[in-house]
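Notes for the one structure printed next.
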Amino acid sequence: MISDGVEDEEKWLTAGIAGLQQNAFYMHRALDSNNIKDALKYSAQMLSELRTSRLSPHKYYELYMRAFDELRKLEIFFKEESRRSCSIIELYELVQHAGNILPRLYLLCTVGSVYIKSKEAPAKDILKDLVEMCRGIQHPLRGLFLRSYLSQVSRDKLPDIGSEYEGDENTVMDAVEFVLQNFTEMNKLWVRMQHQGPAREKEKREKERNELRDLVGKNLHVLSQIEGIDLELYRDVVLPRILEQVVNCKDDLAQYYLMDCMIQVFPDEYHLQTLEILLGAFPQLQPSVDIKTVLSGLMERLSNYAASSIEVLPEFVQVEAFAKLNNAIGQVIEAQPDMPVFGAVTLYSSLLTFTLHVHPDRLDYVDQILGACVNKISGKGKLEGKATKQIVALLSAPLEKYSDIDIALKLSNYPLVMEYLDDSTNKVMSNVIIQSIMKNKTHISTADKVGALFELIKGLIKDLDSDGNDEMDEDDFKEEQNFVARLIQMLYNDDPEEMLKIICTVKKHIMTGGPKRLPFTIPPLIYNALKLVRRVQSQDENASEESTASATPKKIFQLLNQTIEVLSMVPAPELALRLYLECAEAANDCDLEPVAYEFFTQAYILYEEEISDSKAQVTALYLIIGTLQRMHTFGVENRDTLTHKATGYSAKLLKKPDQCRAVYACSHLFWVEDQDGIKDGERVLLCLKRALRIANAAQQMANVTKGSSGSVILFIEILNKYLYFFDKGNTQITVASIQGLIELVTTEMQSDTATSDPAADAFFSSTIRYIQSQKAKGGATAEKFEQIKV
Amino acid sequence: MVLVLAIGDLHIPHRAPDLPAKFKSMLVPGKIQHIICTGNLCIKEIHDYLKSLCPSLHITRGEYDEDSRYPETKTITIGQFKIGLCHGHQVVPWGDLDSLAMLQRQLDVDILVTGHTHQFKAYKHEAGVVINPGSATGAYSSITYDVNPSFVLMDIDGLRVVVYVYELIDGEVKVDKIDFKKTPTATI
């Protein structure tokens with residue numbers, strides 16, 4: 001049925017256009033022969049097509065445009081006095097004889113345009129006449145197009161300041177009156193469309209109305225172009241009249257469109273200066289009007305205006321823009337109790353953007369807005385959907401504006417707003433906050449600020465509800481926690497006392513994170529503490545015993561010990577072991593023997609009890625040996641105990657090659673190159689011999705299990721160690737022993753059962769080359785190495 | 001002319017939040033042919049970042065690396081040079097040149113790149129070159145005090161390698177360069 005309707009419309013339009021064109025043809029013929037009477041007759045017939053009620057606005061417009069084109073040509077004809085053979089006044093009279101009112105009025109407007117141009121009568125009179133007479137058409141669609149025509153032809157003939165039509169009798173006021181009246185009438189017609197026709201076609205009507213809205217809005221455009229309208233005129237006449245019409249028409253479509261249109265076409269300065277009047281209209285609008293969008297649009301324009309130049313900023317202060325907007329929003333929200341939460345938040349969001357642009361230094365304003373937001377959203381439970389997006393935007397805006405997180409932390413209502421976010425949004429927001437800190441490379445410098453910050457981002461720090469985060473993807477979780485770890489690196493203060501407080505604050509917070517988070521968050525904290533130890537180390541030398549400062553290495557080590565203990569219970573023994581060893585080294589640098597010993601003890605316990613994976617054991621053992629080798633603070637007893645244990649562990653590793661290597665690594669525990677370092681040649685040799693025995697055993701095992709001797713590489717490695725200590729001057733290493741090893745290797749490599757190992761071959765070759773290069777060095781080295789035959 | 005970036009010991013996020021901005025702006029994809037990394041990145045994001053700079057990425061395992069599948073040592077041939085890579089915590093005493101020389105002999109390489117001490121080093125030792133690119137983030141080290149962020153760029157051209165070291169000292173990037181020439185070794 002509907003498609004039939006559309007088809008019919010097409011038919012009528014085609015018919016209409018045909019009729020119009022036919023009459024136009026005759027009209028032109030009449031014009032060519034200067035036959036005014038006939039011309040008018042045919043033009044009236046032509047215009048009669050516009051009397052139709054059958055077309056939708058879209059189609060009517062097509063018809064109208066063709067008529068418009070023809071009328072332009074008619075107007076040109078009228079302009080030439082010689083051709084029309086009568087005065088303009090006579091013509092004005094003549095056209096009123098047309099039978100039907102609509103054609104009559106179109107012709108009248110056309111002639112009227114020429115009349116004004118001729119200046120034979122004051123523009124204002126003609127304009128007034130025309131705008132009044134158009135009242136004759138009360139049909140909305142036809143009336144709108146007629147008045148639109150009037151607006152178009154009169155546009156360049158308004159008695160504006162500086163126009164040729166201005167005079168004693170014609171002033172700007174007249175122009176304004178004319179346009180305002182046209183506007184008012186057009187709006188009335190437009191609104192009337194809403195109530196035409198059956199209720200079920202309401203949607204269709206609204207769609208049609210939307211198609212026509214620019215016709216009405218055009219009047220406002222025209223007004224905005226009138227140069228003669230200064231601020232006073234705008235404020236005293238234009239604005240009140242427009243608002244009156246907008247409010248009184250009580251039509252939500254019109255109200256929404258016109259408010260928005262007005263805000264767009266008139267200059268921002270005017271809006272600023274008439275803010276109170278403008279805002280006063282909002283509560284009077286229909287409750288169903290989407291005020292928040294219009295208000296947001298207004299605030300956005302004003303923000304951009306503020307951003308455009310610094311000189312306009314004082315204006316804002318002068319008109320108390322913020323207070324007025326804030327009030328207006330409050331009133332709107334009160335007047336519409338059913339407004340959804342996200343609507344209210346959008347309003348506050350726009351106001352916040354405005355404030356950040358116009359009054360960036362007024363943190364109290366920003367805080368006020370957040371507070372108002374809290375009031376609005378409290379009691380509604382946790383937010384969801386669109387509202388959360390808006391809140392995130394709201395909270396992110398201050399972060400972007402103020403690159404220093406300190407400022408956001410000063411806003412007392414900021415954390416309150418965050419309370420209302422659901423868990424996943426809290427995480428999103430926390431991420432935004434951390435990103436802002438990382439991007440701006442701000443260092444958070446006091447314990448209080450750190451505490452406040454960690455409160456804000458608690459969604460990342462701990463499980464907020466008892467569900468836990470089983471739903472979270474493992475990789476995402478890692479990323480998230482690593483992000484928190486990086487944040488911990490950004491906390492810093494030059495003053496050791498404050499730094500220690502910061503560390504304690506962070507510790508307090510991350511301890512609530514649970515076993516999943518601790519392996520990520522504890523290590524960065526440990527390193528912060530170790531860095532602090534270094535800093536106070538040098539100061540400590542100057543400090544006196546009675547100093548009340550709590551940031552002493554001892555205190556920090558206590559803290560470290562406690563913290564790492566927690567980590568080992570997670571359980572994360574490998575990580576904890578590494579951290580214990582780092583602390584041991586730091587304690588060593590502070591010459592705190594008991595502290596260092598304690599750390600080693602803890603590390604050893606972990607090794608013995610918790611680390612059972614072979615590969616992990618090997619790495620852990622190298623770390624132990626490497627660290628122990630560097631310890632200079634241990635007395636003989638302590639050192640012996642630890643060394644003995646380390647060599648014991650080495651010999652007990654699972655795989656023989658690993659054992660061998662660890663044992664010869666232990667040889668370095670007995671030889672330290674520092675001037676007062678231990679240099680126990682005998683025990684070095686003992687280690688190397690032990691390593692040799694293990695290598696032999698490995699060879700035998702290979703013979704038995706694989707039928708061929710295993711690689712000689714272990715022997716070559718041990719040979720290199722022999723050469724190392726020989727070079728360093730360990731007298732226990734004899735040339736004979738070296739020689740013996742060389743022969744052993746050579747024999748093994750040449751034996752029939754040898755498995756070929758190119759790596760071993762290359763290693764042996766480079767070892768031989770090394771010996772040769774040592775011989776070539778000259779001096780004492782050459783002498784030593786001279787005795788080795790290769 | 002082959003450019004090789006030697007970098008390591010970033011320790012992100014345990015000891016440092018990120019690479020220094022000045023380094024980041026210098027390290028641009030497409031300019032470097034190989035990256036050799038001593039280890040201790042420590043997380044996947046850093047691996048991905050390095051990979052984005054250059055697809056030819058070689059890494060050895062540091063004791064804090066999240067990914068335990070990186071090898072303990074690696075040998076790569078670039079042009080006329082054999083390059084050995086190892087994090088260095090396995091070579092005791094840490095930072096000891098003669099022990100590192102042993103590793104060099106064992107891997108049979110011309111250039112040995114190791115880390116762990118966070119201290120830049122580059123010099124000729126015995127029959128080869130030993131390079132430590134230091135820590136790219138200036139991360140805390142129990143071994144070295146006052147670590148400046150640093151990395152190394154090697155320009156390999158025939159039998160010659162020019163080693164450029166980039167160090168961030170007091171906010172400014174300082175560059176130094178060392179030349180090495182390889183003598184063609186006679187094979188036994």
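Each chain in the structure tokens gets a letter, A, B, ..., in the order shown, and its residues are numbered from 1; ligands are numbered from 1 in order too.
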
TODO: Skip range 655-660 of chain A itself and residues of its chain fewer than 6 positions away, then list as a PyMOL selection string all residues within 7 Å of it, counting only C-alpha atoms.
DONE: chain A and resi 691+694-695+698

- [ ] Enumerate as a PyMOL selection string the residues belonging to chain B that approach chain A to within 9 Å, with only C-alpha atoms taken into account.
- [x] chain B and resi 12-18+43-45+63-64+89-94+98-99+102+105-108+126-127+140-143+145+188

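Residues in contact with Ala529 in chain A at up to 8 Å, not including ones fewer than 3 positions away on its chain and judged by only C-alpha atoms, are Leu500, Ile503, Leu525, Ile526, Leu532, Val533, Ile556 and Leu560 of chain A.
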
Task: All residues 8 Å or closer to range 319-327 of chain A, only C-alpha atoms, same chain fewer than 4 positions away omitted, as number ranges by chain - done: A: 272-273, 275-276, 279, 315, 331, 351, 355

- [ ] Give me, please, the distance in Å between CA of His443 in chain A and CA of Leu491 in chain A, quoted to one decimal.
- [x]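 Separation of CA of His443 in chain A and CA of Leu491 in chain A: 5.4 Å.
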
Task: Contact residues around range 5-7 of chain B with only C-alpha atoms at 9 Å, ignoring same-chain residues under 6 positions, as a PyMOL selection string - done: chain B and resi 32-39+113+115+131-136+150-155

Open item on the list: For the helix (DSSP H, G or I) assignment from backbone DSSP, which residues of range 28-61 of chain B qualify? Please present them as an MDAnalysis selection string.
Closed with: chainID B and resid 44:53

Keeping only N, CA, C and O atoms, take the residues you just selected and write them out as a PDB file, in the first residue's frame.
ATOM      1  N   LYS B  44      57.980 -10.075  28.000  1.00  0.00           N
ATOM      2  CA  LYS B  44      57.655 -10.283  26.590  1.00  0.00           C
ATOM      3  C   LYS B  44      57.523  -8.971  25.828  1.00  0.00           C
ATOM      4  O   LYS B  44      57.902  -8.889  24.667  1.00  0.00           O
ATOM      5  N   GLU B  45      56.997  -7.955  26.483  1.00  0.00           N
ATOM      6  CA  GLU B  45      56.808  -6.689  25.761  1.00  0.00           C
ATOM      7  C   GLU B  45      58.122  -6.168  25.201  1.00  0.00           C
ATOM      8  O   GLU B  45      58.176  -5.605  24.104  1.00  0.00           O
ATOM      9  N   ILE B  46      59.184  -6.349  25.981  1.00  0.00           N
ATOM     10  CA  ILE B  46      60.477  -5.863  25.523  1.00  0.00           C
ATOM     11  C   ILE B  46      60.975  -6.716  24.367  1.00  0.00           C
ATOM     12  O   ILE B  46      61.561  -6.203  23.405  1.00  0.00           O
ATOM     13  N   HIS B  47      60.737  -8.037  24.455  1.00  0.00           N
ATOM     14  CA  HIS B  47      61.095  -8.926  23.352  1.00  0.00           C
ATOM     15  C   HIS B  47      60.410  -8.471  22.076  1.00  0.00           C
ATOM     16  O   HIS B  47      61.028  -8.348  21.012  1.00  0.00           O
ATOM     17  N   ASP B  48      59.106  -8.193  22.210  1.00  0.00           N
ATOM     18  CA  ASP B  48      58.348  -7.766  21.032  1.00  0.00           C
ATOM     19  C   ASP B  48      58.869  -6.439  20.495  1.00  0.00           C
ATOM     20  O   ASP B  48      58.962  -6.233  19.291  1.00  0.00           O
ATOM     21  N   TYR B  49      59.208  -5.551  21.411  1.00  0.00           N
ATOM     22  CA  TYR B  49      59.730  -4.252  20.980  1.00  0.00           C
ATOM     23  C   TYR B  49      61.012  -4.426  20.185  1.00  0.00           C
ATOM     24  O   TYR B  49      61.180  -3.852  19.113  1.00  0.00           O
ATOM     25  N   LEU B  50      61.940  -5.252  20.706  1.00  0.00           N
ATOM     26  CA  LEU B  50      63.203  -5.470  19.992  1.00  0.00           C
ATOM     27  C   LEU B  50      62.941  -6.121  18.647  1.00  0.00           C
ATOM     28  O   LEU B  50      63.566  -5.775  17.652  1.00  0.00           O
ATOM     29  N   LYS B  51      61.998  -7.066  18.651  1.00  0.00           N
ATOM     30  CA  LYS B  51      61.681  -7.756  17.396  1.00  0.00           C
ATOM     31  C   LYS B  51      61.164  -6.761  16.365  1.00  0.00           C
ATOM     32  O   LYS B  51      61.392  -6.924  15.163  1.00  0.00           O
ATOM     33  N   SER B  52      60.440  -5.738  16.840  1.00  0.00           N
ATOM     34  CA  SER B  52      59.890  -4.770  15.899  1.00  0.00           C
ATOM     35  C   SER B  52      60.993  -3.909  15.293  1.00  0.00           C
ATOM     36  O   SER B  52      60.855  -3.372  14.198  1.00  0.00           O
ATOM     37  N   LEU B  53      62.135  -3.791  16.019  1.00  0.00           N
ATOM     38  CA  LEU B  53      63.220  -2.991  15.465  1.00  0.00           C
ATOM     39  C   LEU B  53      63.933  -3.749  14.356  1.00  0.00           C
ATOM     40  O   LEU B  53      64.452  -3.155  13.418  1.00  0.00           O
TER      41      LEU B  53
END

Open item on the list: What parts of chain B does DSSP call strand (DSSP E or B)? I'd like the answer as an NGL selection string.
Closed with: :B and (2-7 or 12 or 34-37 or 42 or 57-59 or 73-78 or 81-86 or 111-114 or 121-125 or 128-132 or 150-157 or 160-169 or 172-181)

Open item on the list: Taking 5 positions as the minimum chain separation for residues in the same chain, which residues sit within 10 Å of Lys182 in chain B when counting only C-alpha atoms? Answer as a PyMOL selection string.
Closed with: chain B and resi 80-81+110-111+127-129+158-161

Restricting the output to N, CA and C atoms, write the selected residues as an mmCIF file, in the first residue's frame.
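Here's the written file selection16.cif:
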data_model
loop_
_atom_site.group_PDB
_atom_site.id
_atom_site.type_symbol
_atom_site.label_atom_id
_atom_site.label_comp_id
_atom_site.auth_asym_id
_atom_site.auth_seq_id
_atom_site.Cartn_x
_atom_site.Cartn_y
_atom_site.Cartn_z
ATOM 1 N N GLN B 80 82.515 -11.811 8.087
ATOM 2 C CA GLN B 80 83.725 -12.581 8.378
ATOM 3 C C GLN B 80 83.873 -12.892 9.858
ATOM 4 N N PHE B 81 82.901 -12.450 10.664
ATOM 5 C CA PHE B 81 83.078 -12.567 12.108
ATOM 6 C C PHE B 81 82.182 -13.618 12.727
ATOM 7 N N ASP B 110 85.287 -14.817 17.345
ATOM 8 C CA ASP B 110 86.144 -13.644 17.263
ATOM 9 C C ASP B 110 85.702 -12.571 18.256
ATOM 10 N N ILE B 111 84.381 -12.432 18.352
ATOM 11 C CA ILE B 111 83.839 -11.403 19.238
ATOM 12 C C ILE B 111 82.942 -12.083 20.262
ATOM 13 N N ALA B 127 93.034 -13.451 21.461
ATOM 14 C CA ALA B 127 92.854 -13.495 20.006
ATOM 15 C C ALA B 127 91.563 -12.842 19.556
ATOM 16 N N GLY B 128 90.862 -12.202 20.446
ATOM 17 C CA GLY B 128 89.571 -11.672 20.014
ATOM 18 C C GLY B 128 89.152 -10.417 20.744
ATOM 19 N N VAL B 129 87.900 -10.132 20.588
ATOM 20 C CA VAL B 129 87.341 -8.916 21.158
ATOM 21 C C VAL B 129 86.261 -9.298 22.162
ATOM 22 N N GLY B 158 83.752 -6.341 6.161
ATOM 23 C CA GLY B 158 84.886 -7.188 5.801
ATOM 24 C C GLY B 158 85.592 -7.685 7.051
ATOM 25 N N LEU B 159 86.891 -7.387 7.140
ATOM 26 C CA LEU B 159 87.667 -7.868 8.272
ATOM 27 C C LEU B 159 87.756 -6.831 9.385
ATOM 28 N N ARG B 160 86.942 -5.793 9.225
ATOM 29 C CA ARG B 160 87.046 -4.712 10.194
ATOM 30 C C ARG B 160 85.705 -4.530 10.902
ATOM 31 N N VAL B 161 85.788 -4.290 12.197
ATOM 32 C CA VAL B 161 84.550 -3.945 12.907
ATOM 33 C C VAL B 161 84.778 -2.668 13.693
#

Task: Distance query Val6 in chain A at most 10 Å, only C-alpha atoms, self and fewer than 6 positions along chain excluded, as a list in words - done: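 The neighbour list is Trp12, Leu55 and Ser56 of chain A.
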
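Residue nearest Arg535 in chain A, chosen from B:Asp146, B:Val109, B:Tyr166, B:Lys181 and counting only C-alpha atoms: B:Asp146.
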
Open item on the list: Could you tell me how far CA of Pro20 in chain B sits from CA of Ile437 in chain A, in Å to one decimal place?
Closed with: 15.1 Å

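Interatomic distance, CA of Tyr492 in chain A to CA of Ser445 in chain A: 5.2 Å.
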